[in-house]
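Presented below is the structure to which this report refers.
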Amino acid sequence: MAHPKFFSGFGGIVLLLAACQREPIELHTTVSTFRESGLDVAWDHSGSNRIAYSTKGADGYYDIHFALPDGSQDTCLTCDHPALPNRHIALPYWHPNGNWLLTVVEKADHPGSSTDALPGFGAYSDVWILSSDGQIAHKLIDIPNDYSHGIIAPRFSPDGNSIVWTDRKSQPNPLWPPETFGFWTIKLADFHWGTDSIPYIDNIRTFEPEGSAFYECYGWNPDGTKLILCSSANKLSALDQHIYFMNPISGAMTALTDKDYNEHAFFTPDGEKIVWMSNTQSTLGGTDWWMMNVDGTDKHRLTYFNEPDNVQSMDAAVWAGLGSFSPDGDRFIGGMQLSLTTQEGKIVMVELE
């Protein structure tokens, strides 16, 4: 844990006394490391109990691995795959039947750097669907090969008949705060199996509920009636992001948070609660996981990675990422970013009391 090395003057003594008198934090989670390196996670609820996750290999590119919750039986699904470009391959998401995964795959050739295609940045990347045995790899969505476009977080609907993804329409503009991360849209499409068993999509719809802004969609609630996302719509800065529900038919949004910086929301298996990341109360400036009821009430903090006097402290600012619950809802696995610039991260298991 991180502690100040010394205090000077009367002000330092006051701070020291205040720290000594601080009420201890009652922890309601236990955190353990699942992988020292990795980012994206998805827990299969079809019965296999496998966790799909992305981790960087010796070649410097991300690949998708499978493992059981105790970390055993680790296998690489995409390493040196003959049908894939074998650059960054990340952001896995299970089909409800457990036999297929959506993934984001960096293009074999493009004008920019592979840094722009890192998981979470999304440039120069397409959406592929992979069979869970690794035998089939099929490109499902091919985006324009330029820096103005990108892909984040493709998701199946709970019934497997639709997919949603976040699609960039303009490149980042660091000179204009609302467009710091670029402008993005939400794409929704019907998903089908062709007569030749090759999957395809059609009836693509584009949503920008509040006009040009940053949007990032994380998929459906368990009964398929709502999409959950974050957005900086109508804000002066792209960093002023909040969690919303969106009606997948009308596009109408309902806000669930109203202060600070919020992203990376996901549901408990019963759909009654939401975990997301926020910088609320963060001492070191990063973000932690919080939980709320599905109506936005009872917001409470789950982790304390960014508190220097806490057993869960990471000793520096870290950012809680996307997560995925176990089928029984007693724990979730999630990625943590250790650097926003390099996107380096680790994967942790969070047990709920």
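Following the order of the structure tokens, first chain is A, next is B, and so on, with residues numbered from 1 inside each chain and ligands from 1 in the order they appear.
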Taking only residues of range 74-172 of chain A that have an atom at most 10 Å from an atom of range 320-325 of chain A, what is each one's shortest atom pair and its distance in Å to one decimal, using only C-alpha atoms, in chain and number order, as CSV?
residue,atom,partner,partner_atom,distance
A:Leu91,CA,A:Leu322,CA,9.7
A:Tyr93,CA,A:Ser324,CA,9.8
A:Gly120,CA,A:Gly321,CA,9.9
A:Ala153,CA,A:Leu322,CA,9.7
**OP:** Determine, counting only C-alpha atoms, which protein, DNA and RNA residues have an atom within 8 Å of an atom of range 342-351 of chain A; residues of the same chain fewer than 3 positions away are not included. Present the result as a count of residues only.
**Re:** 26
**OP:** Can you pull out every residue within 6 Å of range 267-278 of chain A, counting only C-alpha atoms, but drop anything in the same chain fewer than 2 positions away, and send it as JSON, numbers by chain?
**Re:** {"A": [222, 261, 262, 263, 264, 265, 280, 287, 288, 289, 290, 291, 292, 293, 294, 320, 329]}
Using N, CA and C atoms, can you write the selected residues to a file as a PDB file, in the first residue's frame?
ATOM      1  N   PRO A 222     -30.950  -8.878 -19.246  1.00  0.00           N
ATOM      2  CA  PRO A 222     -31.205 -10.298 -19.483  1.00  0.00           C
ATOM      3  C   PRO A 222     -32.505 -10.629 -20.209  1.00  0.00           C
ATOM      4  N   TYR A 261     -17.529  10.639 -13.562  1.00  0.00           N
ATOM      5  CA  TYR A 261     -17.162   9.947 -14.800  1.00  0.00           C
ATOM      6  C   TYR A 261     -17.555   8.484 -14.659  1.00  0.00           C
ATOM      7  N   ASN A 262     -18.341   7.967 -15.606  1.00  0.00           N
ATOM      8  CA  ASN A 262     -18.919   6.634 -15.493  1.00  0.00           C
ATOM      9  C   ASN A 262     -18.852   5.891 -16.833  1.00  0.00           C
ATOM     10  N   GLU A 263     -18.490   4.589 -16.752  1.00  0.00           N
ATOM     11  CA  GLU A 263     -18.439   3.742 -17.951  1.00  0.00           C
ATOM     12  C   GLU A 263     -18.627   2.283 -17.537  1.00  0.00           C
ATOM     13  N   HIS A 264     -18.558   1.381 -18.551  1.00  0.00           N
ATOM     14  CA  HIS A 264     -18.351  -0.060 -18.369  1.00  0.00           C
ATOM     15  C   HIS A 264     -19.398  -0.722 -17.477  1.00  0.00           C
ATOM     16  N   ALA A 265     -20.651  -0.664 -17.903  1.00  0.00           N
ATOM     17  CA  ALA A 265     -21.739  -1.229 -17.114  1.00  0.00           C
ATOM     18  C   ALA A 265     -22.078  -2.645 -17.563  1.00  0.00           C
ATOM     19  N   THR A 280     -16.148   8.360  -8.732  1.00  0.00           N
ATOM     20  CA  THR A 280     -16.718   8.939  -7.518  1.00  0.00           C
ATOM     21  C   THR A 280     -15.918   8.482  -6.294  1.00  0.00           C
ATOM     22  N   THR A 287     -10.626   4.766 -11.341  1.00  0.00           N
ATOM     23  CA  THR A 287     -12.021   4.388 -11.180  1.00  0.00           C
ATOM     24  C   THR A 287     -12.122   3.038 -10.477  1.00  0.00           C
ATOM     25  N   ASP A 288     -13.243   2.846  -9.793  1.00  0.00           N
ATOM     26  CA  ASP A 288     -13.546   1.579  -9.129  1.00  0.00           C
ATOM     27  C   ASP A 288     -14.904   1.087  -9.589  1.00  0.00           C
ATOM     28  N   TRP A 289     -15.183  -0.189  -9.268  1.00  0.00           N
ATOM     29  CA  TRP A 289     -16.504  -0.730  -9.564  1.00  0.00           C
ATOM     30  C   TRP A 289     -17.497  -0.348  -8.479  1.00  0.00           C
ATOM     31  N   TRP A 290     -18.678   0.035  -8.926  1.00  0.00           N
ATOM     32  CA  TRP A 290     -19.812   0.343  -8.078  1.00  0.00           C
ATOM     33  C   TRP A 290     -20.984  -0.553  -8.471  1.00  0.00           C
ATOM     34  N   MET A 291     -21.991  -0.618  -7.620  1.00  0.00           N
ATOM     35  CA  MET A 291     -23.203  -1.383  -7.915  1.00  0.00           C
ATOM     36  C   MET A 291     -24.428  -0.537  -7.603  1.00  0.00           C
ATOM     37  N   MET A 292     -25.487  -0.709  -8.401  1.00  0.00           N
ATOM     38  CA  MET A 292     -26.760  -0.033  -8.140  1.00  0.00           C
ATOM     39  C   MET A 292     -27.906  -0.955  -8.542  1.00  0.00           C
ATOM     40  N   ASN A 293     -29.087  -0.636  -8.020  1.00  0.00           N
ATOM     41  CA  ASN A 293     -30.284  -1.326  -8.475  1.00  0.00           C
ATOM     42  C   ASN A 293     -30.579  -0.933  -9.912  1.00  0.00           C
ATOM     43  N   VAL A 294     -31.392  -1.731 -10.568  1.00  0.00           N
ATOM     44  CA  VAL A 294     -31.653  -1.499 -11.981  1.00  0.00           C
ATOM     45  C   VAL A 294     -32.407  -0.185 -12.214  1.00  0.00           C
ATOM     46  N   ALA A 320     -11.097   0.542 -13.504  1.00  0.00           N
ATOM     47  CA  ALA A 320     -11.891  -0.677 -13.598  1.00  0.00           C
ATOM     48  C   ALA A 320     -12.568  -0.734 -14.970  1.00  0.00           C
ATOM     49  N   GLY A 329     -24.075 -15.559 -10.128  1.00  0.00           N
ATOM     50  CA  GLY A 329     -24.118 -14.173  -9.682  1.00  0.00           C
ATOM     51  C   GLY A 329     -23.354 -13.872  -8.418  1.00  0.00           C
TER      52      GLY A 329
END
Original post:
Counting only C-alpha atoms, what is within 10 Å of Pro248 in chain A, bar same-chain residues fewer than 5 positions away, as number ranges by chain?
Top reply: A: 164, 186, 188, 205, 207, 220, 224-228, 253
Subject >> Residues flagged strand (DSSP E or B) by DSSP in range 142-175 of chain A, as a ChimeraX atom specification >> reply: /A:150-156,162-170
Original post:
Looking at only C-alpha atoms, which of A:Leu101, A:Leu77, A:Val127, A:Ile204 is the one that sits closest to Phe156 in chain A?
Top reply: A:Leu101
**OP:** Compile the contact shell of range 107-113 of chain A as a VMD selection string: residues with an atom at most 6 Å away, counting only C-alpha atoms, same-chain residues fewer than 3 positions apart removed.
**Re:** chain A and resid 85 116 124 to 125
Subject >> For Asn173 in chain A: contacts at 12 Å, only C-alpha atoms, fewer than 6 positions along chain excluded, given as a VMD selection string >> reply: chain A and resid 147 to 148 179 to 183 214 237 to 238
**OP:** Would you list the contacts of Val311 in chain A as a list in words, taking every protein, DNA or RNA residue within 12 Å and counting only C-alpha atoms, but skipping same-chain residues closer than 2 positions in sequence?
**Re:**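 So, after excluding close chain neighbours, the residues are Met1, Ala2, Pro24, Ile25, Glu26, Leu27, Thr29, Thr30, Val31, Ser32, Thr303, Tyr304, Phe305, Asn306, Glu307, Pro308, Asp309, Ser313, Met314 and Asp315 of chain A.
When only C-alpha atoms are used to compute distances to Ser48 in chain A, the closest of the residues A:Thr341, A:Thr283, A:Ser162, A:Ser326 turns out to be A:Ser326.
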Original post:
What is the CA of Lys299 in chain A-CA of Thr166 in chain A distance in Å, reported with one decimal?
Top reply: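 We find that CA of Lys299 in chain A and CA of Thr166 in chain A lie 26.3 Å from each other.
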**OP:** Figure out the distance between CA of Pro177 in chain A and CA of Arg155 in chain A, please, to one decimal in Å.
**Re:**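 Spanning CA of Arg155 in chain A to CA of Pro177 in chain A is a straight-line distance of 28.3 Å.
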Subject >> Nearest to Ser132 in chain A, chosen from A:Ala117, A:Ile89, A:Ala83, A:Leu102, with only C-alpha atoms counted in the distances >> reply: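 Counting only C-alpha atoms, the residue closest to Ser132 in chain A is A:Leu102.
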Original post:
Between A:Leu340, A:Ile141, A:Cys79, A:Ala189, which one has atoms that come closest to Asn161 in chain A, using only C-alpha atoms?
Top reply: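 The answer is A:Ala189, which sits nearest to Asn161 in chain A.
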